[in-house]
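Taking it in order: structure first as structure tokens, then the write-up.
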Amino acid sequence: MSKIKGKEKAHPYSRKARQISRAMNKEALLSKAKIDRVNSAMSRGQKIVWFRDRINEDDLKTQKTWTLMEMRSLLDEYLQRNNEDMDELKTKREETRGLSPKEELFVQVVETERKEAKLAGLDVPDLNNGLVVKTLRIWDGDVNSITTIKLTKCKPTDADNEAISADPKVQAIAQATGMVVG
């Protein structure tokens, strides 16, 4: 935008005005994309920080790697971390007329996270890999160094139980391909 000469004297319907308009729209798009990237990195960072703090607790400090079932149980803990707040908001909603916009947003984010976890799975640190666990334990929380931590998709423990049919053929196909058929 700063490279455009004579922008103060431009007629409203001139080529110069269209050029200025395009430059302003481009700047707006770039700033919106930057904000989206930062928000995405922050939410991913908060999730990884939770897993780092959880695996650094005393009861898990000596464990070097996790099995898939242990990773799923950790994911269950992660998804249940807001249960107390959700119950509190539910009772508040029943007692009063409703929730504040901030509280509504919190409820919506938690519900969306749970749906995403059940349907597609969440990206969690790959705790099957000892190198990733070591990297995660020494990670300083810098958002820019998140790329050094390998992530993998993981579903909660009850997600597969709901999706797999009772038909033995469907279960055999799901077992052989590793895909959930519903």
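The chains in the structure tokens are called A, B, ... from first to last as shown; in each chain the residues are counted from 1, and the ligands are counted from 1 in the order shown.
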Please tabulate, as CSV, the residues of range 12-94 of chain A that come within 6 Å of range 121-131 of chain A, each with its closest pair of atoms and the distance in Å to one decimal, counting only C-alpha atoms and ordering rows by chain, then residue number upward.
```
residue,atom,partner,partner_atom,distance
A:Lys64,CA,A:Gly130,CA,5.9
A:Thr65,CA,A:Asn128,CA,5.2
A:Trp66,CA,A:Asn128,CA,5.1
```
Residues flagged alpha helix (DSSP H) by DSSP in range 82-176 of chain A, as a PyMOL selection string = chain A and resi 83-95+101-119+130-138+157-163+168-176
Kindly export the residues of the current selection with C-alpha atoms, as a PDB file, in the first residue's frame.
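Dumped everything to part23.pdb:
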```pdb
ATOM      1  CA  ASN A  83     -15.855 -31.553  33.248  1.00  0.00           C
ATOM      2  CA  GLU A  84     -16.075 -29.639  36.545  1.00  0.00           C
ATOM      3  CA  ASP A  85     -16.413 -26.301  34.745  1.00  0.00           C
ATOM      4  CA  MET A  86     -18.994 -27.763  32.360  1.00  0.00           C
ATOM      5  CA  ASP A  87     -21.085 -29.121  35.272  1.00  0.00           C
ATOM      6  CA  GLU A  88     -20.846 -25.751  36.989  1.00  0.00           C
ATOM      7  CA  LEU A  89     -22.029 -23.968  33.843  1.00  0.00           C
ATOM      8  CA  LYS A  90     -24.847 -26.489  33.374  1.00  0.00           C
ATOM      9  CA  THR A  91     -26.194 -25.801  36.876  1.00  0.00           C
ATOM     10  CA  LYS A  92     -25.802 -22.079  36.301  1.00  0.00           C
ATOM     11  CA  ARG A  93     -27.754 -22.370  33.044  1.00  0.00           C
ATOM     12  CA  GLU A  94     -30.585 -24.208  34.842  1.00  0.00           C
ATOM     13  CA  GLU A  95     -30.733 -21.673  37.706  1.00  0.00           C
ATOM     14  CA  PRO A 101     -21.186 -15.011  25.651  1.00  0.00           C
ATOM     15  CA  LYS A 102     -17.765 -15.985  27.019  1.00  0.00           C
ATOM     16  CA  GLU A 103     -19.239 -18.976  28.835  1.00  0.00           C
ATOM     17  CA  GLU A 104     -21.256 -19.973  25.746  1.00  0.00           C
ATOM     18  CA  LEU A 105     -18.041 -19.886  23.705  1.00  0.00           C
ATOM     19  CA  PHE A 106     -16.290 -22.079  26.284  1.00  0.00           C
ATOM     20  CA  VAL A 107     -19.114 -24.647  26.147  1.00  0.00           C
ATOM     21  CA  GLN A 108     -19.069 -24.602  22.350  1.00  0.00           C
ATOM     22  CA  VAL A 109     -15.292 -25.092  22.191  1.00  0.00           C
ATOM     23  CA  VAL A 110     -15.393 -28.038  24.616  1.00  0.00           C
ATOM     24  CA  GLU A 111     -18.265 -29.723  22.745  1.00  0.00           C
ATOM     25  CA  THR A 112     -16.540 -29.214  19.380  1.00  0.00           C
ATOM     26  CA  GLU A 113     -13.311 -30.673  20.753  1.00  0.00           C
ATOM     27  CA  ARG A 114     -15.132 -33.760  22.031  1.00  0.00           C
ATOM     28  CA  LYS A 115     -16.981 -34.293  18.739  1.00  0.00           C
ATOM     29  CA  GLU A 116     -13.754 -33.919  16.770  1.00  0.00           C
ATOM     30  CA  ALA A 117     -12.028 -36.412  19.059  1.00  0.00           C
ATOM     31  CA  LYS A 118     -14.760 -39.024  18.598  1.00  0.00           C
ATOM     32  CA  LEU A 119     -15.131 -38.581  14.838  1.00  0.00           C
ATOM     33  CA  GLY A 130      10.816 -42.581  22.976  1.00  0.00           C
ATOM     34  CA  LEU A 131      12.576 -39.724  21.180  1.00  0.00           C
ATOM     35  CA  VAL A 132       9.336 -37.732  21.015  1.00  0.00           C
ATOM     36  CA  VAL A 133       8.719 -38.348  24.724  1.00  0.00           C
ATOM     37  CA  LYS A 134      12.233 -37.139  25.545  1.00  0.00           C
ATOM     38  CA  THR A 135      11.789 -34.056  23.336  1.00  0.00           C
ATOM     39  CA  LEU A 136       8.403 -33.325  24.895  1.00  0.00           C
ATOM     40  CA  ARG A 137       9.763 -33.559  28.433  1.00  0.00           C
ATOM     41  CA  ILE A 138      12.510 -31.011  27.765  1.00  0.00           C
ATOM     42  CA  THR A 157     -11.191 -45.243  24.234  1.00  0.00           C
ATOM     43  CA  ASP A 158     -14.978 -45.226  23.748  1.00  0.00           C
ATOM     44  CA  ALA A 159     -14.919 -43.899  20.139  1.00  0.00           C
ATOM     45  CA  ASP A 160     -14.204 -47.282  18.498  1.00  0.00           C
ATOM     46  CA  ASN A 161     -16.669 -49.148  20.686  1.00  0.00           C
ATOM     47  CA  GLU A 162     -19.528 -46.977  19.432  1.00  0.00           C
ATOM     48  CA  ALA A 163     -18.507 -47.121  15.791  1.00  0.00           C
ATOM     49  CA  PRO A 168     -18.519 -60.243  12.595  1.00  0.00           C
ATOM     50  CA  LYS A 169     -17.688 -59.559   8.931  1.00  0.00           C
ATOM     51  CA  VAL A 170     -17.550 -55.820   9.558  1.00  0.00           C
ATOM     52  CA  GLN A 171     -15.396 -56.396  12.634  1.00  0.00           C
ATOM     53  CA  ALA A 172     -13.024 -58.621  10.617  1.00  0.00           C
ATOM     54  CA  ILE A 173     -12.666 -55.968   7.903  1.00  0.00           C
ATOM     55  CA  ALA A 174     -12.113 -53.258  10.506  1.00  0.00           C
ATOM     56  CA  GLN A 175      -9.504 -55.406  12.266  1.00  0.00           C
ATOM     57  CA  ALA A 176      -7.666 -56.249   9.033  1.00  0.00           C
TER      58      ALA A 176
END
```
If you count only C-alpha atoms, the residue of A:Leu30, A:Leu79, A:Ala41, A:Leu74 closest to Ile146 in chain A turns out to be A:Ala41
Which residues in range 40-178 of chain A does DSSP call strand (DSSP E or B)? List them as a PDB file with N, CA, C and O atoms, in the first residue's frame.
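And here is the file that came out, part02.pdb:
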```
ATOM      1  N   LEU A 122      -7.922 -36.628  17.710  1.00  0.00           N
ATOM      2  CA  LEU A 122      -7.171 -35.402  17.948  1.00  0.00           C
ATOM      3  C   LEU A 122      -5.690 -35.647  17.714  1.00  0.00           C
ATOM      4  O   LEU A 122      -5.190 -36.749  17.911  1.00  0.00           O
ATOM      5  N   ASP A 123      -5.000 -34.594  17.311  1.00  0.00           N
ATOM      6  CA  ASP A 123      -3.551 -34.666  17.174  1.00  0.00           C
ATOM      7  C   ASP A 123      -2.939 -34.570  18.565  1.00  0.00           C
ATOM      8  O   ASP A 123      -3.119 -33.569  19.262  1.00  0.00           O
ATOM      9  N   VAL A 124      -2.256 -35.625  18.960  1.00  0.00           N
ATOM     10  CA  VAL A 124      -1.589 -35.664  20.258  1.00  0.00           C
ATOM     11  C   VAL A 124      -0.127 -36.035  20.018  1.00  0.00           C
ATOM     12  O   VAL A 124       0.213 -36.618  18.991  1.00  0.00           O
ATOM     13  N   PRO A 125       0.750 -35.703  20.956  1.00  0.00           N
ATOM     14  CA  PRO A 125       2.150 -36.104  20.800  1.00  0.00           C
ATOM     15  C   PRO A 125       2.270 -37.623  20.684  1.00  0.00           C
ATOM     16  O   PRO A 125       1.578 -38.365  21.378  1.00  0.00           O
ATOM     17  N   LEU A 151       3.356 -35.336  16.035  1.00  0.00           N
ATOM     18  CA  LEU A 151       1.989 -35.559  16.485  1.00  0.00           C
ATOM     19  C   LEU A 151       1.378 -36.737  15.738  1.00  0.00           C
ATOM     20  O   LEU A 151       1.779 -37.044  14.619  1.00  0.00           O
ATOM     21  N   THR A 152       0.404 -37.376  16.361  1.00  0.00           N
ATOM     22  CA  THR A 152      -0.312 -38.470  15.734  1.00  0.00           C
ATOM     23  C   THR A 152      -1.787 -38.345  16.084  1.00  0.00           C
ATOM     24  O   THR A 152      -2.141 -37.767  17.106  1.00  0.00           O
ATOM     25  N   LYS A 153      -2.656 -38.880  15.224  1.00  0.00           N
ATOM     26  CA  LYS A 153      -4.099 -38.862  15.485  1.00  0.00           C
ATOM     27  C   LYS A 153      -4.428 -39.966  16.478  1.00  0.00           C
ATOM     28  O   LYS A 153      -3.972 -41.089  16.339  1.00  0.00           O
ATOM     29  N   CYS A 154      -5.236 -39.638  17.451  1.00  0.00           N
ATOM     30  CA  CYS A 154      -5.629 -40.617  18.460  1.00  0.00           C
ATOM     31  C   CYS A 154      -7.083 -40.354  18.839  1.00  0.00           C
ATOM     32  O   CYS A 154      -7.493 -39.201  18.954  1.00  0.00           O
TER      33      CYS A 154
END
```
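Nearest-residue note for Arg81 in chain A: choosing from A:Trp50, A:Ile4, A:Leu99, A:Thr67, the minimum distance belongs to A:Trp50, counting only C-alpha atoms.
For the atom pair formed by CA of Arg72 in chain A and CA of Phe51 in chain A, the distance is 12.1 Å, given to one decimal.
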Report the distance between CA of Ser145 in chain A and CA of Arg44 in chain A in Å, rounded to one decimal place.
-> 11.6 Å
